[in-house]
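Student: The structure is given below, and queries will be raised subsequently.
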Amino acid sequence: MSILARLALAASIATALSTPLLAAEMTVGFSQIGSESGWRAAETSVTKQQAEERGIDLKFADAQQKQENQIKAIRGFIAQGVDAILVAPVVATGWDDVLTEAKEADIPVVLLDRGVDASEDLYLASVASDQVKEGRVAGQWLVDTVGDKECKVVELQGTVGSTPAINRKKGFEEAIAGHANITIARSQTGDFTRSKGKEVMEGFIKAENGGKDICAMYAHNDDMAVGAIQAMKDAGLKPGSDIYVVSIDAVPDIFAAMVAGEANATVELTPNMAGPAFDVLAAYLKDGTKPEKFIITESKLYTPADNPQGEYDTRKGLGY
Ligand code: AHR
């Protein structure tokens, strides 16, 4: 090979080595919590869709609600040498070691929809809602709705130790603080699932005079609310009028409940956390662009005045 040809070859290798990674060349591992709710299923399908549209090779791992499975999956992604990792952390604590391992392997991690109690330099960014605000929006709706009336609330909490359960409780309590007529009479986890929401609500109804003493039910997600609505109906109560129903997520089933007059308010959580996460990763892997650490999605309140049938149709059309 001539010197000129060798120089040309060396130059093309150098260019190839310094060429920024395009989204289409990215391999991303995604450790998902499981499929506890309609919202979670929507997040999974939107993430897969977003990856496909960008030509990203997405390696998906379902942890079935277990943190140990998530840690194992992340270690597997590191061993495979993926370009980046997305994780929706089931609980807040216990992530330091595995996030440190990812950092030492130079693999950026983006948190999706839930937070961690770990040093911020262990992950590149977090794409999530302001969960305290979600609780506050739900609580404020109740404050505005009941006025001065005495109101005993029962609360269905999300998964114990998860940031949405901690923060949505906090935000709701902040909103009702200073309104002595509104009290949380009972509060228990329903694990973000429909079946557990129903079961726990049955207990609340029994303990509260067949439900007659309950003024409102606040659920940390719509799926638990839908389960609780069923429990109310089974007990001969009218959800939405005998007992106010307020929850979080804005999935199609809660809009169907609004259309039927059985739910009163929900706070929207977008299932598209992956779109912003992939944008951040593409820029970072291209030239080291540092993103905002916390990318906060919107928390819009919906009530039966907001065209619930239309919202139901739109979300169904989006593949929820
Ligand atoms: O972390 C987000 C929460 O997890 C959603 O509100 C709930 O439906 C899901 O299970």
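In the structure tokens, chains take letters A, B, ... by order of appearance, with residues numbered from 1 within each chain and ligands from 1 in the order shown.
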Can I get the residues of chain A within 7 Å of ligand 1, each with the closest pair of atoms and their distance in Å to one decimal, using only C-alpha atoms and all ligand atoms, sorted chain first then ascending number, as a tab-separated table?
Tutor:
```
residue	atom	partner	partner_atom_place_in_ligand_line	distance
A:Glu36	CA	ligand 1	10 (O)	5.5
A:Ser37	CA	ligand 1	10 (O)	5.0
A:Gly38	CA	ligand 1	8 (O)	6.6
A:Trp39	CA	ligand 1	8 (O)	4.8
A:Arg40	CA	ligand 1	9 (C)	5.3
A:Asp113	CA	ligand 1	1 (O)	5.0
A:Arg114	CA	ligand 1	1 (O)	5.1
A:Pro164	CA	ligand 1	1 (O)	5.7
A:Phe192	CA	ligand 1	10 (O)	5.1
A:His220	CA	ligand 1	6 (O)	6.7
A:Asn221	CA	ligand 1	8 (O)	4.9
A:Asp222	CA	ligand 1	8 (O)	6.6
A:Asp223	CA	ligand 1	8 (O)	6.6
A:Ile248	CA	ligand 1	6 (O)	6.2
A:Asp249	CA	ligand 1	6 (O)	5.3
A:Leu269	CA	ligand 1	6 (O)	6.8
```
Student: Based on the backbone DSSP call, show me all residues of range 68-251 of chain A assigned helix (DSSP H, G or I), as a PyMOL selection string.
Tutor: chain A and resi 68-80+96-104+120-122+131-146+163-176+194-207+209-211+222-234
Student: Quick one, how far is CA of Val116 in chain A from CA of Ala102 in chain A?
Tutor: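 Between CA of Val116 in chain A and CA of Ala102 in chain A the gap is 14.9 Å.
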Student: Point out the residue among A:Phe60, A:Tyr302, A:Phe30, A:Tyr123 with the least atom-to-atom distance to Ala250 in chain A, counting only C-alpha atoms.
Tutor: A:Tyr302
Student: Would you mind telling me which residue in A:Ser35, A:Ser119, A:Glu208, A:Thr27 lies nearest to Lys59 in chain A when using only C-alpha atoms?
Tutor: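 The answer is A:Thr27, which sits nearest to Lys59 in chain A.
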Student: In Å to one decimal, how far is CA of Trp141 in chain A from CA of Asp253 in chain A?
Tutor: 19.9 Å
Student: I'd like the contact shell of Leu99 in chain A - 10 Å cut-off, only C-alpha atoms, skipping same-chain residues fewer than 5 positions apart - returned as a VMD selection string.
Tutor: chain A and resid 71 74 to 75 94 104 to 105 107 to 109 118 to 119 121 to 123
Student: From the list A:Ser195, A:Ser187, A:Asn272, A:Ser129, which residue is nearest Thr163 in chain A when using only C-alpha atoms?
Tutor: A:Ser129
Student: Return the single residue from A:Pro304, A:Ser162, A:Gly76, A:Ala51 that is closest to Ala92 in chain A, with distances computed using only C-alpha atoms.
Tutor: A:Ser162
Student: Glu150 in chain A: which residues within 9 Å, counting only C-alpha atoms, same-chain residues fewer than 6 positions away excluded, as an MDAnalysis selection string?
Tutor: chainID A and resid 180:183 215
Student: Show me, as a ChimeraX atom specification, the residues that have an atom within 8 Å of Gly261 in chain A when counting only C-alpha atoms, minus same-chain residues fewer than 4 positions from it.
Tutor: /A:239-241,257,304
Student: Any idea what's packed within 8 Å of Ile184 in chain A, counting only C-alpha atoms, ignoring anything in its chain fewer than 2 positions away? Could you give it as a PyMOL selection string?
Tutor: chain A and resi 152-155+182+186-187
Student: Keeping all heavy atoms, export the residues of the selection given above as a PDB file, in the first residue's frame.
Tutor:
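Output (again.pdb):
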```
ATOM      1  N   LYS A 152     -63.864  13.167  56.090  1.00  0.00           N
ATOM      2  CA  LYS A 152     -62.950  12.098  56.502  1.00  0.00           C
ATOM      3  C   LYS A 152     -62.413  11.428  55.240  1.00  0.00           C
ATOM      4  O   LYS A 152     -63.192  10.942  54.412  1.00  0.00           O
ATOM      5  CB  LYS A 152     -63.750  11.049  57.282  1.00  0.00           C
ATOM      6  CG  LYS A 152     -63.476  10.992  58.751  1.00  0.00           C
ATOM      7  CD  LYS A 152     -64.227   9.786  59.305  1.00  0.00           C
ATOM      8  CE  LYS A 152     -63.876   9.520  60.733  1.00  0.00           C
ATOM      9  NZ  LYS A 152     -64.484   8.274  61.193  1.00  0.00           N
ATOM     10  N   VAL A 153     -61.108  11.409  55.105  1.00  0.00           N
ATOM     11  CA  VAL A 153     -60.494  10.857  53.898  1.00  0.00           C
ATOM     12  C   VAL A 153     -59.879   9.504  54.202  1.00  0.00           C
ATOM     13  O   VAL A 153     -59.285   9.307  55.271  1.00  0.00           O
ATOM     14  CB  VAL A 153     -59.365  11.802  53.397  1.00  0.00           C
ATOM     15  CG1 VAL A 153     -58.732  11.286  52.105  1.00  0.00           C
ATOM     16  CG2 VAL A 153     -59.876  13.221  53.224  1.00  0.00           C
ATOM     17  N   VAL A 154     -60.008   8.558  53.263  1.00  0.00           N
ATOM     18  CA  VAL A 154     -59.204   7.338  53.355  1.00  0.00           C
ATOM     19  C   VAL A 154     -58.203   7.389  52.205  1.00  0.00           C
ATOM     20  O   VAL A 154     -58.516   7.847  51.110  1.00  0.00           O
ATOM     21  CB  VAL A 154     -60.057   6.041  53.307  1.00  0.00           C
ATOM     22  CG1 VAL A 154     -60.944   5.933  54.532  1.00  0.00           C
ATOM     23  CG2 VAL A 154     -60.878   5.942  52.024  1.00  0.00           C
ATOM     24  N   GLU A 155     -56.987   6.934  52.509  1.00  0.00           N
ATOM     25  CA  GLU A 155     -55.890   7.071  51.540  1.00  0.00           C
ATOM     26  C   GLU A 155     -55.323   5.704  51.171  1.00  0.00           C
ATOM     27  O   GLU A 155     -55.000   4.892  52.044  1.00  0.00           O
ATOM     28  CB  GLU A 155     -54.785   7.936  52.170  1.00  0.00           C
ATOM     29  CG  GLU A 155     -53.561   8.124  51.287  1.00  0.00           C
ATOM     30  CD  GLU A 155     -52.432   8.885  51.990  1.00  0.00           C
ATOM     31  OE1 GLU A 155     -52.298   8.778  53.228  1.00  0.00           O
ATOM     32  OE2 GLU A 155     -51.670   9.569  51.290  1.00  0.00           O
ATOM     33  N   ILE A 182     -60.819  18.703  57.222  1.00  0.00           N
ATOM     34  CA  ILE A 182     -60.416  17.549  56.386  1.00  0.00           C
ATOM     35  C   ILE A 182     -59.363  16.745  57.140  1.00  0.00           C
ATOM     36  O   ILE A 182     -58.298  17.267  57.489  1.00  0.00           O
ATOM     37  CB  ILE A 182     -59.855  18.009  55.017  1.00  0.00           C
ATOM     38  CG1 ILE A 182     -60.860  18.911  54.290  1.00  0.00           C
ATOM     39  CG2 ILE A 182     -59.491  16.806  54.146  1.00  0.00           C
ATOM     40  CD1 ILE A 182     -60.370  19.485  52.970  1.00  0.00           C
ATOM     41  N   ARG A 186     -57.854   6.994  57.590  1.00  0.00           N
ATOM     42  CA  ARG A 186     -57.146   5.713  57.414  1.00  0.00           C
ATOM     43  C   ARG A 186     -56.227   5.825  56.207  1.00  0.00           C
ATOM     44  O   ARG A 186     -56.583   6.459  55.212  1.00  0.00           O
ATOM     45  CB  ARG A 186     -58.127   4.560  57.190  1.00  0.00           C
ATOM     46  CG  ARG A 186     -58.922   4.312  58.438  1.00  0.00           C
ATOM     47  CD  ARG A 186     -59.940   3.230  58.324  1.00  0.00           C
ATOM     48  NE  ARG A 186     -60.757   3.345  59.509  1.00  0.00           N
ATOM     49  CZ  ARG A 186     -60.480   2.740  60.662  1.00  0.00           C
ATOM     50  NH1 ARG A 186     -59.445   1.942  60.770  1.00  0.00           N
ATOM     51  NH2 ARG A 186     -61.256   2.940  61.720  1.00  0.00           N
ATOM     52  N   SER A 187     -55.073   5.156  56.325  1.00  0.00           N
ATOM     53  CA  SER A 187     -54.102   5.213  55.233  1.00  0.00           C
ATOM     54  C   SER A 187     -53.328   3.905  55.205  1.00  0.00           C
ATOM     55  O   SER A 187     -52.775   3.495  56.217  1.00  0.00           O
ATOM     56  CB  SER A 187     -53.160   6.398  55.485  1.00  0.00           C
ATOM     57  OG  SER A 187     -52.231   6.499  54.445  1.00  0.00           O
TER      58      SER A 187
END
```
Student: Smallest atom-to-atom distance to Ile85 in chain A: which of A:Thr289, A:Gln50, A:Ser31, A:Gln131, using only C-alpha atoms?
Tutor: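 Nearest to Ile85 in chain A: A:Ser31.
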Student: Could you go through range 117-199 of chain A and tell me which residues DSSP, when run on the backbone, assigns to strand (DSSP E or B), listing them as an MDAnalysis selection string?
Tutor: chainID A and resid 125:129 151:157 182:189
Student: Neighbouring residues of Ala231 in chain A were defined as those with any atom within 8 Å, considering only C-alpha atoms; residues of the same chain fewer than 4 positions away were excluded. Please report them as a list in words.
Tutor: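 Selected residues are Lys198, Glu199, Met201, Glu202, Gly227 and Ala235 of chain A.
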Student: Grab the residues selected above and save them as a PDB file, in the first residue's frame with C-alpha atoms.
Tutor:
```pdb
ATOM      1  CA  LYS A 198     -60.075  -3.039  46.107  1.00  0.00           C
ATOM      2  CA  GLU A 199     -59.092  -5.260  49.030  1.00  0.00           C
ATOM      3  CA  MET A 201     -60.907  -0.257  50.371  1.00  0.00           C
ATOM      4  CA  GLU A 202     -63.181  -3.123  51.480  1.00  0.00           C
ATOM      5  CA  GLY A 227     -60.263  -1.167  42.485  1.00  0.00           C
ATOM      6  CA  ALA A 235     -70.922  -2.270  49.304  1.00  0.00           C
TER       7      ALA A 235
END
```
